[in-house]
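Colleague: This is the content of entry28.pdb (PDB, C-alpha atoms and all ligand atoms):
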ATOM      1  CA  MET Y  22      17.279   2.194 -15.267
ATOM      2  CA  PRO Y  23      13.895   3.352 -13.980
ATOM      3  CA  PRO Y  24      11.474   4.549 -16.638
ATOM      4  CA  ILE Y  25      11.097   8.282 -17.218
ATOM      5  CA  ILE Y  26       8.090   7.845 -19.520
ATOM      6  CA  GLU Y  27       5.434   5.160 -19.195
ATOM      7  CA  ILE Y  28       2.696   4.976 -21.792
ATOM      8  CA  SER Y  29      -0.093   2.447 -21.465
ATOM      9  CA  GLY Y  30      -3.170   1.768 -23.536
ATOM     10  CA  LEU Y  31      -2.798   5.105 -25.297
ATOM     11  CA  SER Y  32      -5.033   5.848 -28.242
ATOM     12  CA  LYS Y  33      -5.981   8.943 -30.168
ATOM     13  CA  THR Y  34      -8.921   9.500 -32.455
ATOM     14  CA  TYR Y  35      -8.974  12.947 -34.047
ATOM     15  CA  LYS Y  36     -12.245  14.890 -34.410
ATOM     16  CA  THR Y  37     -12.367  13.796 -38.040
ATOM     17  CA  GLY Y  38     -12.853  10.244 -36.741
ATOM     18  CA  PHE Y  39      -9.329   9.263 -37.825
ATOM     19  CA  SER Y  40      -7.656   6.862 -35.455
ATOM     20  CA  ALA Y  41      -4.036   8.071 -35.317
ATOM     21  CA  LEU Y  42      -2.809   5.979 -32.371
ATOM     22  CA  LYS Y  43      -4.042   2.554 -31.337
ATOM     23  CA  ASN Y  44      -3.315   1.082 -27.918
ATOM     24  CA  ILE Y  45       0.275   2.273 -27.558
ATOM     25  CA  ASN Y  46       2.305   0.711 -24.746
ATOM     26  CA  LEU Y  47       5.831   2.014 -24.431
ATOM     27  CA  THR Y  48       8.353   2.651 -21.694
ATOM     28  CA  ILE Y  49      11.313   4.984 -22.085
ATOM     29  CA  ASP Y  50      14.210   4.553 -19.681
ATOM     30  CA  LYS Y  51      15.914   7.410 -17.923
ATOM     31  CA  GLY Y  52      18.981   8.581 -19.830
ATOM     32  CA  GLU Y  53      18.485   6.606 -23.020
ATOM     33  CA  ILE Y  54      18.351   7.799 -26.611
ATOM     34  CA  PHE Y  55      15.248   6.338 -28.186
ATOM     35  CA  ALA Y  56      14.604   6.616 -31.922
ATOM     36  CA  LEU Y  57      11.058   6.354 -33.192
ATOM     37  CA  LEU Y  58      10.987   5.323 -36.836
ATOM     38  CA  GLY Y  59       7.952   5.297 -39.046
ATOM     39  CA  PRO Y  60       6.632   6.378 -42.432
ATOM     40  CA  ASN Y  61       4.730   9.640 -43.013
ATOM     41  CA  GLY Y  62       1.467   9.719 -41.133
ATOM     42  CA  ALA Y  63       2.383   6.838 -38.805
ATOM     43  CA  GLY Y  64       1.545   8.863 -35.698
ATOM     44  CA  LYS Y  65       4.984   9.984 -34.469
ATOM     45  CA  THR Y  66       4.132  13.664 -34.055
ATOM     46  CA  THR Y  67       0.764  12.791 -32.535
ATOM     47  CA  LEU Y  68       2.463  10.611 -29.931
ATOM     48  CA  ILE Y  69       5.027  13.270 -29.052
ATOM     49  CA  SER Y  70       2.382  15.993 -28.975
ATOM     50  CA  ILE Y  71       0.304  14.006 -26.490
ATOM     51  CA  ILE Y  72       3.271  13.452 -24.164
ATOM     52  CA  CYS Y  73       4.044  17.178 -24.359
ATOM     53  CA  GLY Y  74       0.427  18.101 -23.651
ATOM     54  CA  ILE Y  75      -0.207  19.807 -26.994
ATOM     55  CA  VAL Y  76      -2.741  17.242 -28.211
ATOM     56  CA  THR Y  77      -5.273  15.566 -25.908
ATOM     57  CA  LYS Y  78      -5.365  11.784 -25.759
ATOM     58  CA  SER Y  79      -8.534   9.755 -26.246
ATOM     59  CA  THR Y  80      -7.779   6.875 -23.870
ATOM     60  CA  GLY Y  81      -4.891   5.493 -21.838
ATOM     61  CA  THR Y  82      -2.339   6.981 -19.485
ATOM     62  CA  VAL Y  83       0.997   8.716 -19.894
ATOM     63  CA  MET Y  84       3.316   9.190 -16.931
ATOM     64  CA  VAL Y  85       6.422  11.368 -16.992
ATOM     65  CA  ASP Y  86       8.739  10.689 -14.064
ATOM     66  CA  GLY Y  87       5.851   9.193 -12.129
ATOM     67  CA  GLN Y  88       3.471  12.112 -12.789
ATOM     68  CA  ASP Y  89       0.326  11.760 -14.876
ATOM     69  CA  ILE Y  90       0.388  14.250 -17.789
ATOM     70  CA  GLY Y  91      -3.287  15.034 -17.111
ATOM     71  CA  PRO Y  92      -3.399  16.357 -13.548
ATOM     72  CA  GLY Y  93       0.382  16.793 -13.381
ATOM     73  CA  TYR Y  94       0.594  18.796 -16.610
ATOM     74  CA  ARG Y  95       2.499  21.783 -15.224
ATOM     75  CA  LYS Y  96       5.159  19.584 -13.676
ATOM     76  CA  THR Y  97       5.487  17.171 -16.595
ATOM     77  CA  ARG Y  98       5.605  19.944 -19.197
ATOM     78  CA  GLN Y  99       8.418  21.652 -17.337
ATOM     79  CA  MET Y 100      10.514  18.493 -17.471
ATOM     80  CA  ILE Y 101      10.190  18.322 -21.257
ATOM     81  CA  GLY Y 102      11.929  20.174 -24.056
ATOM     82  CA  LEU Y 103      10.393  19.896 -27.512
ATOM     83  CA  VAL Y 104      12.010  20.649 -30.840
ATOM     84  CA  PRO Y 105       8.949  20.597 -33.099
ATOM     85  CA  GLN Y 106       8.862  19.355 -36.658
ATOM     86  CA  GLU Y 107       7.542  22.662 -37.997
ATOM     87  CA  LEU Y 108       9.551  25.874 -37.868
ATOM     88  CA  HIS Y 109       7.397  28.208 -35.774
ATOM     89  CA  LEU Y 110       9.395  31.117 -34.447
ATOM     90  CA  PRO Y 111       8.792  34.701 -33.346
ATOM     91  CA  ILE Y 112      10.600  36.146 -36.351
ATOM     92  CA  PHE Y 113      10.854  39.731 -35.123
ATOM     93  CA  GLU Y 114      12.572  38.792 -31.862
ATOM     94  CA  LYS Y 115      16.299  38.648 -31.316
ATOM     95  CA  VAL Y 116      17.830  35.191 -30.977
ATOM     96  CA  GLY Y 117      19.180  35.720 -27.442
ATOM     97  CA  ASP Y 118      15.995  37.304 -26.091
ATOM     98  CA  SER Y 119      13.790  34.658 -27.631
ATOM     99  CA  VAL Y 120      15.796  31.784 -26.146
ATOM    100  CA  SER Y 121      16.012  33.496 -22.761
ATOM    101  CA  PHE Y 122      12.282  34.209 -22.740
ATOM    102  CA  THR Y 123      11.481  30.501 -23.001
ATOM    103  CA  ARG Y 124      12.903  30.021 -19.480
ATOM    104  CA  HIS Y 125      10.546  32.686 -18.283
ATOM    105  CA  LEU Y 126       7.570  30.829 -19.798
ATOM    106  CA  PHE Y 127       8.390  27.915 -17.528
ATOM    107  CA  GLY Y 128       8.599  30.168 -14.497
ATOM    108  CA  LEU Y 129      12.357  29.822 -14.170
ATOM    109  CA  PRO Y 130      14.645  32.657 -13.127
ATOM    110  CA  ARG Y 131      16.927  34.268 -15.678
ATOM    111  CA  ASN Y 132      20.201  32.409 -16.156
ATOM    112  CA  ASP Y 133      22.492  34.149 -18.608
ATOM    113  CA  ALA Y 134      25.284  31.632 -18.112
ATOM    114  CA  HIS Y 135      23.020  28.764 -19.167
ATOM    115  CA  ILE Y 136      21.701  30.645 -22.195
ATOM    116  CA  GLU Y 137      25.272  31.486 -23.215
ATOM    117  CA  LYS Y 138      26.264  27.829 -22.935
ATOM    118  CA  VAL Y 139      23.320  26.696 -25.052
ATOM    119  CA  LEU Y 140      23.878  29.359 -27.718
ATOM    120  CA  LYS Y 141      27.573  28.511 -27.924
ATOM    121  CA  GLN Y 142      26.871  24.791 -28.140
ATOM    122  CA  LEU Y 143      24.671  25.462 -31.149
ATOM    123  CA  SER Y 144      27.052  27.966 -32.775
ATOM    124  CA  LEU Y 145      24.508  30.754 -32.311
ATOM    125  CA  TRP Y 146      26.463  32.959 -29.945
ATOM    126  CA  ASP Y 147      27.512  35.399 -32.647
ATOM    127  CA  LYS Y 148      23.863  35.628 -33.770
ATOM    128  CA  LYS Y 149      22.620  36.519 -30.306
ATOM    129  CA  GLU Y 150      21.618  40.034 -31.335
ATOM    130  CA  ALA Y 151      20.275  39.091 -34.770
ATOM    131  CA  LYS Y 152      16.569  39.104 -35.486
ATOM    132  CA  ILE Y 153      15.311  35.564 -36.170
ATOM    133  CA  LEU Y 154      13.898  36.856 -39.445
ATOM    134  CA  THR Y 155      17.431  37.328 -40.771
ATOM    135  CA  LEU Y 156      18.579  33.741 -40.128
ATOM    136  CA  SER Y 157      18.813  30.894 -42.606
ATOM    137  CA  GLY Y 158      16.574  27.848 -42.262
ATOM    138  CA  GLY Y 159      19.291  25.785 -40.594
ATOM    139  CA  MET Y 160      20.033  28.567 -38.115
ATOM    140  CA  LYS Y 161      16.328  28.814 -37.308
ATOM    141  CA  ARG Y 162      16.361  25.139 -36.517
ATOM    142  CA  ARG Y 163      19.284  25.731 -34.163
ATOM    143  CA  VAL Y 164      17.206  28.425 -32.447
ATOM    144  CA  LEU Y 165      14.378  25.933 -32.004
ATOM    145  CA  ILE Y 166      16.795  23.537 -30.344
ATOM    146  CA  ALA Y 167      18.182  26.308 -28.132
ATOM    147  CA  LYS Y 168      14.653  27.257 -27.093
ATOM    148  CA  ALA Y 169      13.891  23.646 -26.217
ATOM    149  CA  LEU Y 170      16.988  23.547 -23.995
ATOM    150  CA  ALA Y 171      16.537  26.933 -22.326
ATOM    151  CA  HIS Y 172      14.670  25.563 -19.320
ATOM    152  CA  GLU Y 173      17.120  22.672 -18.719
ATOM    153  CA  PRO Y 174      14.657  19.876 -19.508
ATOM    154  CA  ARG Y 175      15.229  16.306 -18.353
ATOM    155  CA  VAL Y 176      13.571  14.852 -21.426
ATOM    156  CA  LEU Y 177      14.166  16.195 -24.916
ATOM    157  CA  PHE Y 178      11.970  15.395 -27.894
ATOM    158  CA  LEU Y 179      13.375  16.012 -31.346
ATOM    159  CA  ASP Y 180      10.704  15.627 -34.011
ATOM    160  CA  GLU Y 181      12.443  15.048 -37.370
ATOM    161  CA  PRO Y 182      15.509  17.047 -36.377
ATOM    162  CA  SER Y 183      17.376  16.257 -39.587
ATOM    163  CA  ALA Y 184      14.729  17.307 -42.074
ATOM    164  CA  GLY Y 185      16.275  19.970 -44.296
ATOM    165  CA  VAL Y 186      19.465  20.140 -42.254
ATOM    166  CA  ASP Y 187      22.970  20.085 -43.704
ATOM    167  CA  VAL Y 188      25.782  17.774 -42.626
ATOM    168  CA  GLU Y 189      27.428  20.439 -40.460
ATOM    169  CA  LEU Y 190      24.305  21.175 -38.429
ATOM    170  CA  ARG Y 191      23.547  17.498 -38.115
ATOM    171  CA  LYS Y 192      27.008  16.943 -36.624
ATOM    172  CA  ASP Y 193      26.582  19.857 -34.215
ATOM    173  CA  MET Y 194      23.190  18.582 -33.253
ATOM    174  CA  TRP Y 195      24.408  15.093 -32.500
ATOM    175  CA  ASN Y 196      27.258  16.490 -30.439
ATOM    176  CA  VAL Y 197      24.726  18.449 -28.418
ATOM    177  CA  VAL Y 198      22.622  15.313 -28.034
ATOM    178  CA  ARG Y 199      25.644  13.352 -26.810
ATOM    179  CA  ASP Y 200      26.523  16.071 -24.276
ATOM    180  CA  LEU Y 201      22.949  16.087 -23.041
ATOM    181  CA  ARG Y 202      22.953  12.341 -22.666
ATOM    182  CA  GLU Y 203      26.167  12.601 -20.641
ATOM    183  CA  ALA Y 204      24.319  15.045 -18.407
ATOM    184  CA  GLY Y 205      21.554  12.460 -17.891
ATOM    185  CA  VAL Y 206      18.937  13.893 -20.252
ATOM    186  CA  THR Y 207      16.646  11.365 -21.933
ATOM    187  CA  ILE Y 208      16.306  11.887 -25.677
ATOM    188  CA  ILE Y 209      13.511  10.751 -27.939
ATOM    189  CA  LEU Y 210      13.830  11.491 -31.618
ATOM    190  CA  THR Y 211      11.750  10.697 -34.642
ATOM    191  CA  THR Y 212      13.442  10.196 -37.949
ATOM    192  CA  HIS Y 213      13.142   8.812 -41.436
ATOM    193  CA  TYR Y 214      16.903   8.369 -41.591
ATOM    194  CA  ILE Y 215      17.694   4.867 -40.546
ATOM    195  CA  GLU Y 216      21.443   5.555 -40.435
ATOM    196  CA  GLU Y 217      20.723   8.247 -37.887
ATOM    197  CA  ALA Y 218      18.933   5.803 -35.626
ATOM    198  CA  GLU Y 219      21.807   3.373 -36.149
ATOM    199  CA  GLU Y 220      24.393   5.915 -35.137
ATOM    200  CA  MET Y 221      22.655   7.603 -32.237
ATOM    201  CA  ALA Y 222      20.033   5.441 -30.596
ATOM    202  CA  ASP Y 223      20.250   2.977 -27.730
ATOM    203  CA  ARG Y 224      16.857   1.568 -28.671
ATOM    204  CA  VAL Y 225      14.700   1.770 -31.737
ATOM    205  CA  GLY Y 226      10.919   1.686 -31.977
ATOM    206  CA  VAL Y 227       9.002   1.304 -35.216
ATOM    207  CA  ILE Y 228       5.522   2.775 -35.550
ATOM    208  CA  SER Y 229       3.206   2.141 -38.462
ATOM    209  CA  LYS Y 230      -0.443   3.143 -38.915
ATOM    210  CA  GLY Y 231      -0.739   4.181 -35.291
ATOM    211  CA  GLU Y 232       0.703   1.000 -33.832
ATOM    212  CA  ILE Y 233       4.087   0.245 -32.342
ATOM    213  CA  ILE Y 234       5.203  -2.812 -34.242
ATOM    214  CA  LEU Y 235       8.700  -3.257 -32.844
ATOM    215  CA  VAL Y 236      10.840  -2.035 -29.964
ATOM    216  CA  GLU Y 237      14.339  -3.385 -29.925
ATOM    217  CA  ASP Y 238      17.759  -2.717 -28.512
ATOM    218  CA  LYS Y 239      19.817  -1.222 -31.316
ATOM    219  CA  LYS Y 240      22.673  -3.648 -30.755
ATOM    220  CA  VAL Y 241      20.302  -6.575 -31.232
ATOM    221  CA  LEU Y 242      19.069  -5.012 -34.461
ATOM    222  CA  MET Y 243      22.637  -4.431 -35.589
ATOM    223  CA  GLU Y 244      23.410  -8.078 -35.003
ATOM    224  CA  LYS Y 245      20.517  -8.979 -37.240
ATOM    225  CA  MET Y 246      21.966  -6.524 -39.712
ATOM    226  CA  GLY Y 247      25.359  -8.148 -39.492
ATOM    227  CA  GLN Y 248      23.885 -11.205 -41.190
ATOM    228  CA  LYS Y 249      25.302 -11.613 -44.635
ATOM    229  CA  GLN Y 250      24.921 -14.327 -47.199
ATOM    230  CA  LEU Y 251      27.234 -15.623 -49.905
ATOM    231  CA  ASN Y 252      25.345 -17.028 -52.871
ATOM    232  CA  ILE Y 253      26.822 -19.332 -55.479
ATOM    233  CA  ILE Y 254      24.708 -19.805 -58.592
ATOM    234  CA  LEU Y 255      25.231 -23.295 -59.997
ATOM    235  CA  GLU Y 256      25.520 -24.218 -63.650
ATOM    236  CA  LYS Y 257      23.453 -27.331 -63.124
ATOM    237  CA  PRO Y 258      20.935 -27.781 -60.300
ATOM    238  CA  LEU Y 259      21.818 -30.308 -57.602
ATOM    239  CA  GLU Y 260      19.384 -32.895 -56.322
ATOM    240  CA  ALA Y 261      20.777 -32.838 -52.832
ATOM    241  CA  LEU Y 262      23.392 -30.978 -50.845
ATOM    242  CA  PRO Y 263      26.675 -32.941 -50.818
ATOM    243  CA  GLN Y 264      27.506 -33.877 -47.243
ATOM    244  CA  LYS Y 265      30.945 -32.220 -47.367
ATOM    245  CA  LEU Y 266      29.406 -28.903 -48.379
ATOM    246  CA  GLY Y 267      26.824 -29.236 -45.616
ATOM    247  CA  ALA Y 268      29.719 -29.707 -43.196
ATOM    248  CA  LEU Y 269      31.283 -26.459 -44.463
ATOM    249  CA  GLY Y 270      28.061 -24.618 -43.596
ATOM    250  CA  PHE Y 271      26.444 -24.434 -47.036
ATOM    251  CA  ALA Y 272      22.713 -24.760 -47.638
ATOM    252  CA  LEU Y 273      21.012 -25.595 -50.910
ATOM    253  CA  ASN Y 274      18.016 -23.579 -52.048
ATOM    254  CA  GLU Y 275      14.725 -25.030 -53.189
ATOM    255  CA  GLY Y 276      15.164 -26.169 -56.758
ATOM    256  CA  GLY Y 277      18.862 -26.862 -56.103
ATOM    257  CA  SER Y 278      20.171 -24.041 -58.308
ATOM    258  CA  GLN Y 279      21.991 -22.077 -55.628
ATOM    259  CA  LEU Y 280      24.299 -22.739 -52.711
ATOM    260  CA  SER Y 281      24.217 -20.218 -49.914
ATOM    261  CA  TYR Y 282      26.410 -19.602 -46.911
ATOM    262  CA  LYS Y 283      25.180 -17.371 -44.073
ATOM    263  CA  TYR Y 284      27.731 -15.595 -41.942
ATOM    264  CA  ASP Y 285      27.943 -12.836 -39.387
ATOM    265  CA  SER Y 286      30.108 -10.161 -40.952
ATOM    266  CA  LYS Y 287      30.868  -8.612 -37.552
ATOM    267  CA  ARG Y 288      32.252 -11.790 -36.004
ATOM    268  CA  GLU Y 289      33.661 -13.726 -38.878
ATOM    269  CA  LYS Y 290      35.760 -12.866 -41.884
ATOM    270  CA  LEU Y 291      34.485 -14.600 -44.943
ATOM    271  CA  ASP Y 292      37.010 -17.121 -46.252
ATOM    272  CA  VAL Y 293      35.836 -17.235 -49.862
ATOM    273  CA  ALA Y 294      38.874 -19.216 -51.026
ATOM    274  CA  LYS Y 295      38.198 -22.019 -48.576
ATOM    275  CA  LEU Y 296      34.514 -22.172 -49.457
ATOM    276  CA  LEU Y 297      35.143 -22.166 -53.206
ATOM    277  CA  ALA Y 298      37.838 -24.808 -52.838
ATOM    278  CA  GLY Y 299      35.227 -26.964 -51.099
ATOM    279  CA  VAL Y 300      32.814 -26.458 -54.002
ATOM    280  CA  ALA Y 301      35.564 -27.308 -56.519
ATOM    281  CA  ARG Y 302      36.493 -30.493 -54.616
ATOM    282  CA  ALA Y 303      32.853 -31.565 -54.842
ATOM    283  CA  LYS Y 304      33.235 -31.105 -58.642
ATOM    284  CA  ILE Y 305      30.447 -28.574 -58.838
ATOM    285  CA  SER Y 306      30.714 -25.784 -61.396
ATOM    286  CA  TYR Y 307      29.090 -22.413 -60.906
ATOM    287  CA  SER Y 308      28.242 -19.412 -63.048
ATOM    288  CA  ASP Y 309      28.084 -16.545 -60.565
ATOM    289  CA  ILE Y 310      28.836 -15.490 -56.998
ATOM    290  CA  SER Y 311      27.276 -12.705 -54.979
ATOM    291  CA  THR Y 312      26.842 -11.536 -51.411
ATOM    292  CA  GLN Y 313      23.816  -9.921 -49.841
ATOM    293  CA  GLN Y 314      23.190  -8.196 -46.528
ATOM    294  CA  SER Y 315      20.013  -7.681 -44.540
ATOM    295  CA  SER Y 316      20.027  -4.052 -43.408
ATOM    296  CA  LEU Y 317      18.005  -2.270 -40.768
ATOM    297  CA  GLU Y 318      16.282  -0.667 -43.725
ATOM    298  CA  ASP Y 319      15.232  -4.097 -45.048
ATOM    299  CA  ILE Y 320      13.949  -5.082 -41.621
ATOM    300  CA  PHE Y 321      12.131  -1.761 -41.292
ATOM    301  CA  LEU Y 322      10.539  -1.880 -44.746
ATOM    302  CA  GLY Y 323       9.527  -5.494 -44.263
ATOM    303  CA  LEU Y 324       7.850  -4.659 -40.965
ATOM    304  CA  VAL Y 325       6.036  -1.624 -42.294
ATOM    305  CA  LYS Y 326       4.763  -3.487 -45.380
ATOM    306  CA  GLN Y 327       3.229  -6.227 -43.248
TER     307      GLN Y 327
HETATM  308  N1  LIG Y 401      -5.377  17.674 -36.162
HETATM  309  C1  LIG Y 401      -5.588  16.573 -36.879
HETATM  310  N2  LIG Y 401      -6.820  16.233 -37.273
HETATM  311  C2  LIG Y 401      -7.059  15.106 -37.983
HETATM  312  N3  LIG Y 401      -6.110  14.222 -38.344
HETATM  313  C3  LIG Y 401      -4.853  14.498 -37.965
HETATM  314  C4  LIG Y 401      -4.523  15.684 -37.229
HETATM  315  N4  LIG Y 401      -3.189  15.682 -36.996
HETATM  316  C5  LIG Y 401      -2.719  14.571 -37.578
HETATM  317  N5  LIG Y 401      -3.701  13.848 -38.152
HETATM  318  C6  LIG Y 401      -3.560  12.577 -38.872
HETATM  319  O1  LIG Y 401      -2.999  11.609 -38.001
HETATM  320  C7  LIG Y 401      -2.059  10.787 -38.690
HETATM  321  C8  LIG Y 401      -0.717  10.818 -37.976
HETATM  322  O2  LIG Y 401      -0.150  12.105 -38.121
HETATM  323  P1  LIG Y 401       1.262  12.471 -37.480
HETATM  324  O3  LIG Y 401       1.507  13.898 -37.733
HETATM  325  O4  LIG Y 401       1.255  12.006 -36.068
HETATM  326  O5  LIG Y 401       2.228  11.541 -38.353
HETATM  327  P2  LIG Y 401       3.826  11.460 -38.358
HETATM  328  O6  LIG Y 401       4.181  10.047 -38.068
HETATM  329  O7  LIG Y 401       4.386  12.496 -37.483
HETATM  330  O8  LIG Y 401       4.124  11.766 -39.881
HETATM  331  P3  LIG Y 401       5.370  12.576 -40.560
HETATM  332  O9  LIG Y 401       6.484  11.587 -40.687
HETATM  333  O10 LIG Y 401       4.821  12.940 -41.887
HETATM  334  O11 LIG Y 401       5.687  13.734 -39.695
HETATM  335  C9  LIG Y 401      -2.015  11.310 -40.127
HETATM  336  O12 LIG Y 401      -2.850  10.499 -40.912
HETATM  337  C10 LIG Y 401      -2.582  12.698 -40.018
HETATM  338  O13 LIG Y 401      -3.255  13.088 -41.198
HETATM  339 MG    MG Y 402       5.548  14.137 -37.818
END
Could I get this file's structure written as structure tokens?
Modeller:
Amino acid sequence: MPPIIEISGLSKTYKTGFSALKNINLTIDKGEIFALLGPNGAGKTTLISIICGIVTKSTGTVMVDGQDIGPGYRKTRQMIGLVPQELHLPIFEKVGDSVSFTRHLFGLPRNDAHIEKVLKQLSLWDKKEAKILTLSGGMKRRVLIAKALAHEPRVLFLDEPSAGVDVELRKDMWNVVRDLREAGVTIILTTHYIEEAEEMADRVGVISKGEIILVEDKKVLMEKMGQKQLNIILEKPLEALPQKLGALGFALNEGGSQLSYKYDSKREKLDVAKLLAGVARAKISYSDISTQQSSLEDIFLGLVKQ
């Protein structure tokens, strides 16, 4: 897939002197769902805001579909839909008018059929005539999404779309995202919810303190996640790993107090009986058994701590 967004050597220092982004290099492929994970203050919103032309960069280049966001701003901005993190809405406007007006801002002709489709997709059709003021928080977020989709963007940014959103809206939202992906729209979302990235994303990027510290195919990350370990705590420490247990796939920890067996829970079903029979045959007695799993969360936290 050719890239739709190419970021190279991007940095941002705010007027306060704070360096929010440091030498970011990142390529987003056409049609993918990319999840950007990172703790509060990592620079996610800053990065998105620069690509959308809301915040000016300090150094580096950003290309959207081959156009530089500097000189090509009008063209690049039109390709992008942004669902911002903050709820900023014209509260006295009606839902339908407000969403329709967004098309106008991008110089596009009125298209009632498209607006109807978007409003229906987001379960807002029956609120078309309601003033935004009268909507609940979750409905307002739906309006923000509808507004971001009004001008049929080719790239959609969702900045913390699940913050303060109930299960129902989250489901609706992910259905919309899947439909958009089917239609060839590229989606970039930021989130604190690792399960969300797991469920939705094709690739995952982790940002911490203004630096991208990992970009990985989700499947590869899931394989890492699939790693599990069976631990057998021994009554008496062993000096060395008996050869027969080594042949079964066991390892002995430092100090000899624990046998462990690593397995891939996605490919292999753990045959505890067979493993324990092996331990019994070696005449080793144990006091406890446990399993542990490395999750995407563990990987993420480990990375961010470093
Ligand atoms: N206008 C500004 N002036 C000065 N510093 C800013 C400005 N906007 C953001 N920052 C700082 O830049 C850093 C990154 O902020 P940003 O909003 O990009 O983080 P984030 O990853 O989106 O965080 P969150 O998960 O909380 O939304 C923070 O330390 C923030 O205080
Ligand atoms: Mg943010």
Colleague: Hey, what's within 12 Å of Glu217 (chain Y) if we count only C-alpha atoms and toss same-chain stuff fewer than 4 positions away? As a count of residues only, please?
Modeller: 25
Colleague: With only C-alpha atoms and all ligand atoms counted, collect every polymer residue having an atom within 9 Å of ligand MG 402 (chain Y); state the result as number ranges by chain.
Modeller: Y: 61-67, 69, 105-107, 180-181, 211-212
Colleague: Pick from Y:Ser286, Y:Ser229, Y:Ser157, Y:Asn274: nearest to Ile45 (chain Y), with all atoms listed in the file counted?
Modeller: Y:Ser229
Colleague: Got a sec to resolve the PyMOL selection byres (((chain Y and resi 158) around 12) and not hetatm) on this structure and send the residues as a list in words?
Modeller: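 Taken over the shown coordinates, the PyMOL selection byres (((chain Y and resi 158) around 12) and not hetatm) returns Glu107, Leu108, His109, Leu110, Ile112, Ile153, Leu154, Thr155, Leu156, Ser157, Gly159, Met160, Lys161, Arg162, Arg163, Val164, Leu165, Ser183, Ala184, Gly185, Val186, Asp187 and Leu190 of chain Y.
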Colleague: Using all atoms listed in the file, determine which residues lie at most 12 Å from Arg95 (chain Y), disregarding the query and same-chain residues fewer than 3 positions distant; provide the list as a list in words.
Modeller: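 Once the nearby chain positions are removed, what remains is Cys73, Gly74, Val85, Gln88, Asp89, Ile90, Gly91, Pro92, Arg98, Gln99, Met100, Ile101, Leu126, Phe127 and Gly128 of chain Y.
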Colleague: For ligand LIG 401 (chain Y), which residue among Y:Leu297, Y:Ala169, Y:Ile49, Y:Ile228 is the nearest when counting only C-alpha atoms and all ligand atoms?
Modeller: Y:Ile228
Colleague: Could you jot down the CA of Ile209 (chain Y) to CA of Val176 (chain Y) separation for me, Å, one decimal place?
Modeller: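 Spanning CA of Ile209 (chain Y) to CA of Val176 (chain Y) is a straight-line distance of 7.7 Å.
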Colleague: Which residues, written as a PyMOL selection string, have at least one atom at most 7 Å from Lys78 (chain Y), with all atoms listed in the file counted and residues fewer than 5 positions away on the same chain left out?
Modeller: chain Y and resi 32-33+71
Colleague: Distance CA of Ala204 (chain Y)-CA of Arg175 (chain Y), one decimal place?
Modeller: 9.2 Å
Colleague: Counting all atoms listed in the file, which residues come within 10 Å of (10.9, 10.9, -18.7), with the point read in the file's coordinates, and could you list them as a list in words?
Modeller: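 Those residues lying close to the given coordinates are Pro23, Pro24, Ile25, Ile26, Glu27, Thr48, Ile49, Asp50, Lys51, Gly52, Glu53, Ile72, Met84, Val85, Asp86, Gly87, Gln88, Thr97, Met100, Ile101, Pro174, Arg175, Val176, Leu177, Val206, Thr207, Ile208 and Ile209 of chain Y.
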Colleague: How would the residues just picked look written out with C-alpha atoms as a JSON list (two decimals), keeping the file's coordinate frame?
Modeller:
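Final output, saved to part07.json:
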[["chain", "number", "residue", "atom", "x", "y", "z"],
["Y", 23, "PRO", "CA", 13.90, 3.35, -13.98],
["Y", 24, "PRO", "CA", 11.47, 4.55, -16.64],
["Y", 25, "ILE", "CA", 11.10, 8.28, -17.22],
["Y", 26, "ILE", "CA", 8.09, 7.84, -19.52],
["Y", 27, "GLU", "CA", 5.43, 5.16, -19.20],
["Y", 48, "THR", "CA", 8.35, 2.65, -21.69],
["Y", 49, "ILE", "CA", 11.31, 4.98, -22.08],
["Y", 50, "ASP", "CA", 14.21, 4.55, -19.68],
["Y", 51, "LYS", "CA", 15.91, 7.41, -17.92],
["Y", 52, "GLY", "CA", 18.98, 8.58, -19.83],
["Y", 53, "GLU", "CA", 18.48, 6.61, -23.02],
["Y", 72, "ILE", "CA", 3.27, 13.45, -24.16],
["Y", 84, "MET", "CA", 3.32, 9.19, -16.93],
["Y", 85, "VAL", "CA", 6.42, 11.37, -16.99],
["Y", 86, "ASP", "CA", 8.74, 10.69, -14.06],
["Y", 87, "GLY", "CA", 5.85, 9.19, -12.13],
["Y", 88, "GLN", "CA", 3.47, 12.11, -12.79],
["Y", 97, "THR", "CA", 5.49, 17.17, -16.60],
["Y", 100, "MET", "CA", 10.51, 18.49, -17.47],
["Y", 101, "ILE", "CA", 10.19, 18.32, -21.26],
["Y", 174, "PRO", "CA", 14.66, 19.88, -19.51],
["Y", 175, "ARG", "CA", 15.23, 16.31, -18.35],
["Y", 176, "VAL", "CA", 13.57, 14.85, -21.43],
["Y", 177, "LEU", "CA", 14.17, 16.20, -24.92],
["Y", 206, "VAL", "CA", 18.94, 13.89, -20.25],
["Y", 207, "THR", "CA", 16.65, 11.36, -21.93],
["Y", 208, "ILE", "CA", 16.31, 11.89, -25.68],
["Y", 209, "ILE", "CA", 13.51, 10.75, -27.94]]
Colleague: Please compute the CA of Arg202 (chain Y)-CA of Phe178 (chain Y) distance, one decimal, in Å.
Modeller: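 So the two atoms, CA of Arg202 (chain Y) and CA of Phe178 (chain Y), lie 12.5 Å apart.
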Colleague: Applied to the shown file, which residues does the PyMOL selection byres (((chain Y and resi 121) around 9) and not hetatm) return, written as a list in words?
Modeller: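 Taken on the displayed file, the PyMOL selection byres (((chain Y and resi 121) around 9) and not hetatm) yields the residues Val116, Gly117, Asp118, Ser119, Val120, Phe122, Thr123, Arg124, His125, Arg131, Asn132, Asp133, Ile136, Lys168, Ala171 and His172 of chain Y.
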Colleague: Can you report as JSON the centre and edge lengths in Å, to one decimal, of an axis-aligned box around the listed atoms of ligand LIG 401 (chain Y) padded with 5 Å on each side?
Modeller:
{"center_x": -0.3, "center_y": 13.9, "center_z": -39.0, "size_x": 23.5, "size_y": 17.6, "size_z": 15.8}
